[in-house]
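Undergrad: Starting off with a structure, shown below.
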Amino acid sequence: MTVLATLIPIALGLGLLGLAAFFWAMKHGQFEDLDGASMRILIDEDDELPPTV
């Protein structure tokens, strides 16, 4: 029973830590551009013209 008394607060603390990390990420704009990275990988930079000298 003492194991449960230890594990339950640890589990709740980790859950709150994860929730705080999620809200921190939301506040700092980590989820603003969800499609940008998936579209940037499709851009082929080899098609650009070389600079003329």
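Ordered as shown in the structure tokens, chains take letters A, B, and onward, while each chain numbers its residues from 1 and ligands are numbered from 1 in the order shown.
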Among chain A, which ones does DSSP assign to alpha helix (DSSP H) (computed from the backbone)? Answer as a PyMOL selection string.
TA: chain A and resi 2-27+36-40
Undergrad: Just to be explicit: take each residue in the selection above, keep C-alpha atoms, and write the result as a PDB file, in the first residue's frame.
TA:
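Output below, filename result24.pdb:
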ATOM      1  CA  THR A   2       2.900   2.357   0.634  1.00  0.00           C
ATOM      2  CA  VAL A   3       4.001   1.794  -2.951  1.00  0.00           C
ATOM      3  CA  LEU A   4       0.699   3.235  -4.182  1.00  0.00           C
ATOM      4  CA  ALA A   5       1.076   6.186  -1.839  1.00  0.00           C
ATOM      5  CA  THR A   6       4.377   6.913  -3.584  1.00  0.00           C
ATOM      6  CA  LEU A   7       3.463   6.104  -7.192  1.00  0.00           C
ATOM      7  CA  ILE A   8       0.185   8.029  -7.358  1.00  0.00           C
ATOM      8  CA  PRO A   9       1.739  11.445  -6.512  1.00  0.00           C
ATOM      9  CA  ILE A  10       4.619  10.729  -8.898  1.00  0.00           C
ATOM     10  CA  ALA A  11       2.154   9.878 -11.690  1.00  0.00           C
ATOM     11  CA  LEU A  12       0.097  12.991 -10.998  1.00  0.00           C
ATOM     12  CA  GLY A  13       3.235  15.129 -10.937  1.00  0.00           C
ATOM     13  CA  LEU A  14       4.415  13.749 -14.278  1.00  0.00           C
ATOM     14  CA  GLY A  15       0.969  14.332 -15.751  1.00  0.00           C
ATOM     15  CA  LEU A  16       0.978  17.934 -14.565  1.00  0.00           C
ATOM     16  CA  LEU A  17       4.505  18.382 -15.906  1.00  0.00           C
ATOM     17  CA  GLY A  18       3.392  17.124 -19.313  1.00  0.00           C
ATOM     18  CA  LEU A  19       0.358  19.398 -19.271  1.00  0.00           C
ATOM     19  CA  ALA A  20       2.534  22.375 -18.339  1.00  0.00           C
ATOM     20  CA  ALA A  21       4.932  21.535 -21.181  1.00  0.00           C
ATOM     21  CA  PHE A  22       2.007  21.365 -23.610  1.00  0.00           C
ATOM     22  CA  PHE A  23       0.659  24.745 -22.531  1.00  0.00           C
ATOM     23  CA  TRP A  24       4.181  26.225 -22.721  1.00  0.00           C
ATOM     24  CA  ALA A  25       4.498  24.951 -26.296  1.00  0.00           C
ATOM     25  CA  MET A  26       1.100  26.407 -27.186  1.00  0.00           C
ATOM     26  CA  LYS A  27       2.056  29.774 -25.708  1.00  0.00           C
ATOM     27  CA  GLY A  36       4.953  24.023 -43.293  1.00  0.00           C
ATOM     28  CA  ALA A  37       7.547  21.333 -42.604  1.00  0.00           C
ATOM     29  CA  SER A  38       5.672  18.738 -44.627  1.00  0.00           C
ATOM     30  CA  MET A  39       5.482  21.111 -47.592  1.00  0.00           C
ATOM     31  CA  ARG A  40       9.116  22.281 -47.372  1.00  0.00           C
TER      32      ARG A  40
END
